[in-house]
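Here's the structure we're looking at; comments come further down.
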Amino acid sequence: MKRFNVIVPLTLKELLKLKSRYKDKARIIAGGTDNLVRWKDNIGVPDTAISIMKIKELKAINKKGNTISIGATCTFTDIIESKIVNKYGSVLVQACREIGAVQIRNVGTIGGNIANASPAGDTIPPLMVLNAKIKVISLKRSREIPITEFFTGPGKTVLKSDEIIEGIYFQKMEKDDKSFFLKIGPRRAQAISKVSSCGIVRLDRNKRVKKVWLALGAVAPTVIRLNKLEDYLQNKVITDAILQQTQKQASLLSIPISDIRSTAEYRKHIAGVLIRRGLEMIGKA
Amino acid sequence: MDKVKIEFKVNNKEVIIETYPWKTLLGVLRDELGLTGTKEGCGKGECGACTVILNGRAVNSCLVLAVNLEGCEVLTIEGISQKNKLHPIQESFVKKGAIQCGFCTPGMVMSAYALLQKNKNPSIEEIKEAIAGNLCRCTGYTKIIEAIKEAAK
């Protein structure tokens with residue numbers, strides 16, 4: 001591995017100052033489960049890395065009114081073990097359980113998963129169906145960006161060179177909301193998703209779809225929300241015929257590529273299957 | 001590049017080391033502290049051979065930057081036996097024949113240790129989940145799972 005220096009700020013203020021001084025010349029490293037793997041292959045090794053794992057302000061999970069906040073350096077295990085997220089954002093817990101293996105979940109962070117901006121990032125589909133906002137801050141300003149507007153392509157985001165991800169904010173799920181997270185990989189553990197799918201369904205008393213949010217990962221340059229399909233399902237009872245249409249639509253909305261992990265044809269097909277399977281599990285009449 | 005001074009605990013002993021900023025916990029354990037029980041398999045967090053316990057949680061030591069260790073507690077395979085007596089998990093691995101070449105064993109034992117610390121009576125499924133990040137290319141896992149189950153008794 002090419003050599004690099006590491007700076008370890010202990011406070012958020014210190015981090016923001018460093019980021020404003022170094023801009024793109026320094027790379028932020030959180031859990032390191034993506035960065036270090038690449039750097040060990042001598043890909044993208046920075047001269048200077050800023051390790052943010054010692055900053056306490058970025059580690060908290062809170063509920064304020066109906067808003068849940070998760071600090072950028074919360075690990076997947078922190079989220080899985082959080083009473084707040086289990087109660088109010090269980091779809092995110094479902095996804096975190098499917099990431100890597102215990103050792104990866106214990107150090108990998110939600111902020112890192114977002115900053116890495118992989119179309120296959122497993123926390124992104126649940127954050128999309130939760131309509132989460134990413135809070136980014138710099139020395140000068142702070143802004144909240146809807147996660148649907150955060151990614152511009154594989155590995156690319158709207159983050160400016162002096163900004164860092166402070167945390168994730170979303171409105172709590174309702175008590176009767178049902179959700180699913182399904183992914184396909186070569187094996188159950190340690191797998192980067194070939195395709196991932198996620199959804200929340202809110203049914204009314206007559207089992208009609210009152211609200212539905214759906215997302216697919218690894219079938220486009222970024223994770224995508226399936227707005228058209230959500231509109232189609234509005235006010236419908238989920239029957240076999242509807243499920244069949246849903247599968248077809250989800251497949252059509254997928255624009256995947258072939259790469260080392262899978263082929264475009266398989267991804268397109270399985271995207272439809274996963275959305276259908278998820279809705280079948282949680283919403284079928 | 002300058003070395004960095006880091007103070008942390010390994011196997012309940014305070015250590016102070018000076019190392020380079022790009023070094024990983026695995027590198028520090030093996031090269032600076034001579035604790036070679038922790039193995040390097042893939043070096044990329046896939047195989048689990050380098051598993052140690054960091055502040056109570058199992059981690060791949062190959063993916064932890066040493067500079068983050070300041071004030072932390074690390075437990076390695078060398079730290080779980082007491083006075084030359086094997087830990088019950090190790091005893092159980094021996095008894096059940098859960099070892100062939102042995103390269104994955106330290107990591108496997110540490111993952112099992114982390115599991116049994118928070119779950120005294122894990123199911124087979126929970127054991128499988130706990131060692132899903134540890135590859136063994138010899139045994140086929142059955143005896144390892146049996147050994148962990150036995151150690152929990």
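Chain labels run A, B, ... following the order of the structure tokens; each chain numbers its residues from 1, and ligands are numbered from 1 in the order shown.
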- Message: Which residues are near B:Cys62? Cut-off 9 Å, only C-alpha atoms, ignore same chain within fewer than 2 positions. Put them as a list of chain:residue names.
- Response: A:Leu36, B:Thr24, B:Leu25, B:Leu26, B:Gly27, B:Glu40, B:Cys42, B:Gly43, B:Lys44, B:Gly45, B:Cys50, B:Thr51, B:Val59, B:Asn60, B:Val64, B:Leu65
Output of the above residues as a PDB file, in the first residue's frame, restricted to C-alpha atoms:
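Output file result-v3.pdb follows:
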ATOM      1  CA  LEU A  36      -8.788   0.741   3.071  1.00  0.00           C
TER       2      LEU A  36
ATOM      3  CA  THR B  24      -3.263  -1.282  10.586  1.00  0.00           C
ATOM      4  CA  LEU B  25      -4.035  -2.885  13.920  1.00  0.00           C
ATOM      5  CA  LEU B  26      -3.052  -6.214  12.374  1.00  0.00           C
ATOM      6  CA  GLY B  27       0.358  -4.850  11.382  1.00  0.00           C
ATOM      7  CA  GLU B  40      -3.442 -12.213   7.863  1.00  0.00           C
ATOM      8  CA  CYS B  42      -6.950 -11.728   2.561  1.00  0.00           C
ATOM      9  CA  GLY B  43      -6.038  -8.398   4.145  1.00  0.00           C
ATOM     10  CA  LYS B  44      -9.340  -6.974   2.902  1.00  0.00           C
ATOM     11  CA  GLY B  45     -11.964  -7.870   5.460  1.00  0.00           C
ATOM     12  CA  CYS B  50      -7.408 -11.439  11.531  1.00  0.00           C
ATOM     13  CA  THR B  51     -10.451 -11.148  13.828  1.00  0.00           C
ATOM     14  CA  VAL B  59     -13.447  -6.598  14.038  1.00  0.00           C
ATOM     15  CA  ASN B  60     -11.170  -7.363  11.107  1.00  0.00           C
ATOM     16  CA  VAL B  64      -8.583  -0.850  11.494  1.00  0.00           C
ATOM     17  CA  LEU B  65      -6.117   2.028  11.342  1.00  0.00           C
TER      18      LEU B  65
END
Using only C-alpha atoms, determine which residues of chain A fall within 9 Å of chain B; present them as a tab-separated table (two decimals) with N, CA and C atoms, in the first residue's frame.
chain	number	residue	atom	x	y	z
A	1	MET	N	0.85	-1.21	0.00
A	1	MET	CA	0.00	0.00	0.00
A	1	MET	C	0.88	1.25	0.00
A	2	LYS	N	0.51	2.20	-0.85
A	2	LYS	CA	1.20	3.49	-0.86
A	2	LYS	C	1.05	4.15	0.53
A	3	ARG	N	2.08	4.87	0.95
A	3	ARG	CA	2.03	5.47	2.28
A	3	ARG	C	1.17	6.72	2.32
A	4	PHE	N	0.54	6.94	3.46
A	4	PHE	CA	-0.25	8.17	3.61
A	4	PHE	C	-0.21	8.62	5.05
A	5	ASN	N	-0.47	9.90	5.24
A	5	ASN	CA	-0.52	10.43	6.59
A	5	ASN	C	-1.98	10.42	7.08
A	6	VAL	N	-2.17	10.32	8.37
A	6	VAL	CA	-3.53	10.36	8.91
A	6	VAL	C	-3.62	11.42	10.00
A	7	ILE	N	-4.62	12.28	9.89
A	7	ILE	CA	-4.89	13.25	10.95
A	7	ILE	C	-6.13	12.77	11.69
A	8	VAL	N	-6.11	12.86	13.02
A	8	VAL	CA	-7.23	12.36	13.81
A	8	VAL	C	-7.84	13.49	14.65
A	31	GLY	N	-15.12	4.17	9.03
A	31	GLY	CA	-14.82	2.79	9.43
A	31	GLY	C	-13.67	2.18	8.63
A	32	GLY	N	-13.54	2.59	7.39
A	32	GLY	CA	-12.41	2.14	6.57
A	32	GLY	C	-12.68	0.87	5.77
A	33	THR	N	-13.90	0.34	5.87
A	33	THR	CA	-14.16	-0.95	5.22
A	33	THR	C	-14.26	-0.85	3.70
A	36	LEU	N	-10.04	1.49	2.90
A	36	LEU	CA	-8.79	0.74	3.07
A	36	LEU	C	-8.66	-0.41	2.08
A	37	VAL	N	-9.80	-1.01	1.74
A	37	VAL	CA	-9.76	-2.10	0.76
A	37	VAL	C	-9.23	-1.59	-0.57
A	38	ARG	N	-9.72	-0.40	-0.97
A	38	ARG	CA	-9.25	0.20	-2.23
A	38	ARG	C	-7.79	0.64	-2.11
A	40	LYS	N	-5.46	-0.45	-0.27
A	40	LYS	CA	-4.52	-1.58	-0.26
A	40	LYS	C	-4.24	-2.06	-1.69
A	51	SER	N	-9.14	10.82	9.75
A	51	SER	CA	-9.95	9.78	10.39
A	51	SER	C	-10.94	10.44	11.35
A	52	ILE	N	-12.22	10.14	11.18
A	52	ILE	CA	-13.24	10.86	11.96
A	52	ILE	C	-13.87	10.02	13.06
A	53	MET	N	-13.29	8.85	13.33
A	53	MET	CA	-13.94	7.94	14.28
A	53	MET	C	-13.83	8.37	15.75
A	54	LYS	N	-12.99	9.35	16.03
A	54	LYS	CA	-12.84	9.78	17.43
A	54	LYS	C	-13.73	10.97	17.78
A	100	GLY	N	-22.35	-7.08	4.89
A	100	GLY	CA	-21.10	-7.73	5.26
A	100	GLY	C	-21.28	-8.90	6.20
A	101	ALA	N	-20.46	-8.92	7.25
A	101	ALA	CA	-20.58	-9.89	8.33
A	101	ALA	C	-20.36	-9.09	9.61
A	102	VAL	N	-20.47	-9.77	10.76
A	102	VAL	CA	-20.38	-9.06	12.04
A	102	VAL	C	-19.20	-8.08	12.08
A	103	GLN	N	-18.02	-8.57	11.66
A	103	GLN	CA	-16.80	-7.75	11.80
A	103	GLN	C	-16.89	-6.47	10.97
A	104	ILE	N	-17.56	-6.54	9.83
A	104	ILE	CA	-17.73	-5.35	8.98
A	104	ILE	C	-18.79	-4.44	9.59
A	105	ARG	N	-19.90	-5.04	10.04
A	105	ARG	CA	-20.98	-4.23	10.62
A	105	ARG	C	-20.51	-3.49	11.88
A	106	ASN	N	-19.53	-4.05	12.58
A	106	ASN	CA	-19.03	-3.43	13.80
A	106	ASN	C	-18.18	-2.19	13.55
A	107	VAL	N	-17.68	-2.01	12.34
A	107	VAL	CA	-16.87	-0.81	12.07
A	107	VAL	C	-17.38	0.06	10.93
A	188	ARG	N	-24.92	-15.29	1.39
A	188	ARG	CA	-25.67	-14.44	2.30
A	188	ARG	C	-24.79	-13.40	2.98
A	189	ALA	N	-23.59	-13.81	3.43
A	189	ALA	CA	-22.73	-12.86	4.13
A	189	ALA	C	-21.71	-12.27	3.16
A	190	GLN	N	-21.11	-11.16	3.56
A	190	GLN	CA	-19.97	-10.55	2.85
A	190	GLN	C	-20.25	-10.29	1.37
- Task: From stretch 138-274 of chain A, collect each residue whose DSSP state is helix (DSSP H, G or I) and return the set as a count of residues only.
- Result: 35
- Task: Excluding B:Asn121 and residues on its chain fewer than 3 positions from it, collect all residues at most 12 Å away from it, counting only C-alpha atoms, and give them as a ChimeraX atom specification.
- Result: /B:112,115-118,124-127,148-153
- If you run DSSP on the backbone, which residues of stretch 23-143 of chain B are strand (DSSP E or B), as number ranges by chain? B: 24, 51-54, 57-60, 65, 73-75, 82, 85
Output file for the selection above: C-alpha atoms, as a PDB file, in the first residue's frame:
ATOM      1  CA  THR B  24      -3.263  -1.282  10.586  1.00  0.00           C
ATOM      2  CA  THR B  51     -10.451 -11.148  13.828  1.00  0.00           C
ATOM      3  CA  VAL B  52      -9.767  -9.578  17.228  1.00  0.00           C
ATOM      4  CA  ILE B  53     -12.042  -7.941  19.782  1.00  0.00           C
ATOM      5  CA  LEU B  54     -11.891  -4.147  19.837  1.00  0.00           C
ATOM      6  CA  ARG B  57     -16.757  -6.074  19.394  1.00  0.00           C
ATOM      7  CA  ALA B  58     -15.264  -8.452  16.823  1.00  0.00           C
ATOM      8  CA  VAL B  59     -13.447  -6.598  14.038  1.00  0.00           C
ATOM      9  CA  ASN B  60     -11.170  -7.363  11.107  1.00  0.00           C
ATOM     10  CA  LEU B  65      -6.117   2.028  11.342  1.00  0.00           C
ATOM     11  CA  GLU B  73      -8.953  -2.069  24.440  1.00  0.00           C
ATOM     12  CA  VAL B  74      -7.917  -4.935  22.196  1.00  0.00           C
ATOM     13  CA  LEU B  75      -8.247  -8.613  22.958  1.00  0.00           C
ATOM     14  CA  GLN B  82      -5.099 -18.005  31.275  1.00  0.00           C
ATOM     15  CA  LYS B  85      -4.615 -23.060  30.230  1.00  0.00           C
TER      16      LYS B  85
END
- Message: Quick one: residues within 12 Å of B:Lys96, only C-alpha atoms, excluding same-chain residues fewer than 6 positions away - as a ChimeraX atom specification?
- Response: /B:88-90,139,141-151
Taking 3 positions as the minimum chain separation for residues in the same chain, which residues sit within 7 Å of A:Thr109 when counting only C-alpha atoms? Answer as a JSON list (two decimals) with N, CA and C atoms, in the first residue's frame.
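Result file is out04.json:
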[["chain", "number", "residue", "atom", "x", "y", "z"],
["A", 30, "ALA", "N", -13.78, 6.86, 7.61],
["A", 30, "ALA", "CA", -14.56, 6.55, 8.81],
["A", 30, "ALA", "C", -14.22, 5.12, 9.22],
["A", 31, "GLY", "N", -15.12, 4.17, 9.03],
["A", 31, "GLY", "CA", -14.82, 2.79, 9.43],
["A", 31, "GLY", "C", -13.67, 2.18, 8.63],
["A", 72, "ALA", "N", -23.17, 10.49, 11.52],
["A", 72, "ALA", "CA", -22.48, 9.90, 10.37],
["A", 72, "ALA", "C", -21.62, 8.69, 10.73],
["A", 73, "THR", "N", -21.00, 8.69, 11.91],
["A", 73, "THR", "CA", -20.10, 7.58, 12.22],
["A", 73, "THR", "C", -20.75, 6.48, 13.05],
["A", 74, "CYS", "N", -22.07, 6.49, 13.12],
["A", 74, "CYS", "CA", -22.75, 5.34, 13.75],
["A", 74, "CYS", "C", -22.48, 4.12, 12.87],
["A", 75, "THR", "N", -22.09, 3.03, 13.51],
["A", 75, "THR", "CA", -21.82, 1.82, 12.74],
["A", 75, "THR", "C", -23.13, 1.09, 12.46],
["A", 76, "PHE", "N", -23.06, 0.13, 11.55],
["A", 76, "PHE", "CA", -24.26, -0.67, 11.24],
["A", 76, "PHE", "C", -24.73, -1.39, 12.50],
["A", 112, "GLY", "N", -20.27, 6.61, 5.94],
["A", 112, "GLY", "CA", -19.34, 6.08, 4.95],
["A", 112, "GLY", "C", -20.06, 5.41, 3.81],
["A", 113, "ASN", "N", -21.11, 4.67, 4.14],
["A", 113, "ASN", "CA", -21.90, 3.98, 3.12],
["A", 113, "ASN", "C", -22.51, 4.99, 2.14]]
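As for atom CA of B:Met110 and atom CA of A:Cys96, they are spaced 22.2 Å apart.
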- Message: Just the number, please: distance in Å from atom CA of B:His87 to atom CA of A:Ile80, one decimal.
- Response: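 Separation between atom CA of B:His87 and atom CA of A:Ile80: 29.3 Å.
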- Message: Excluding B:Gln100 and its own-chain neighbours fewer than 4 positions away, which residues fall within 10 Å of it when counting only C-alpha atoms? Please give them as a list in words.
- Response: Cys104, Thr105, Cys136, Arg137, Cys138 and Thr139 of chain B
- Task: Write out as a list in words which residues come within 7 Å of A:Ser138 when counting only C-alpha atoms, dropping same-chain ones fewer than 2 positions away.
- Result: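 Residues near the query, excluding close chain neighbours: Leu16, Lys140, Arg141, Ser142, Asp162, Glu163 and Ile164 of chain A.
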- Task: Could you check how far atom CA of A:Tyr88 sits from atom CA of A:Ile68, in Å to one decimal?
- Result: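 A separation of 7.7 Å between them.
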- Item | Residue nearest B:Leu86 - candidates B:Ile17, B:Cys72, B:Ala66, B:Val109, atoms counted: only C-alpha atoms |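 Using only C-alpha atoms, B:Leu86 sits closest to B:Val109.
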- Looking at only C-alpha atoms, which of A:Val93, A:Ile124, A:Leu279, A:Ala220 is the one that sits closest to A:Ile200? A:Leu279
- Task: Using only C-alpha atoms, find the one residue out of B:Gly140, B:Pro122, B:Gly41, B:Gly56 that sits nearest to B:Pro106.
- Result: B:Gly41
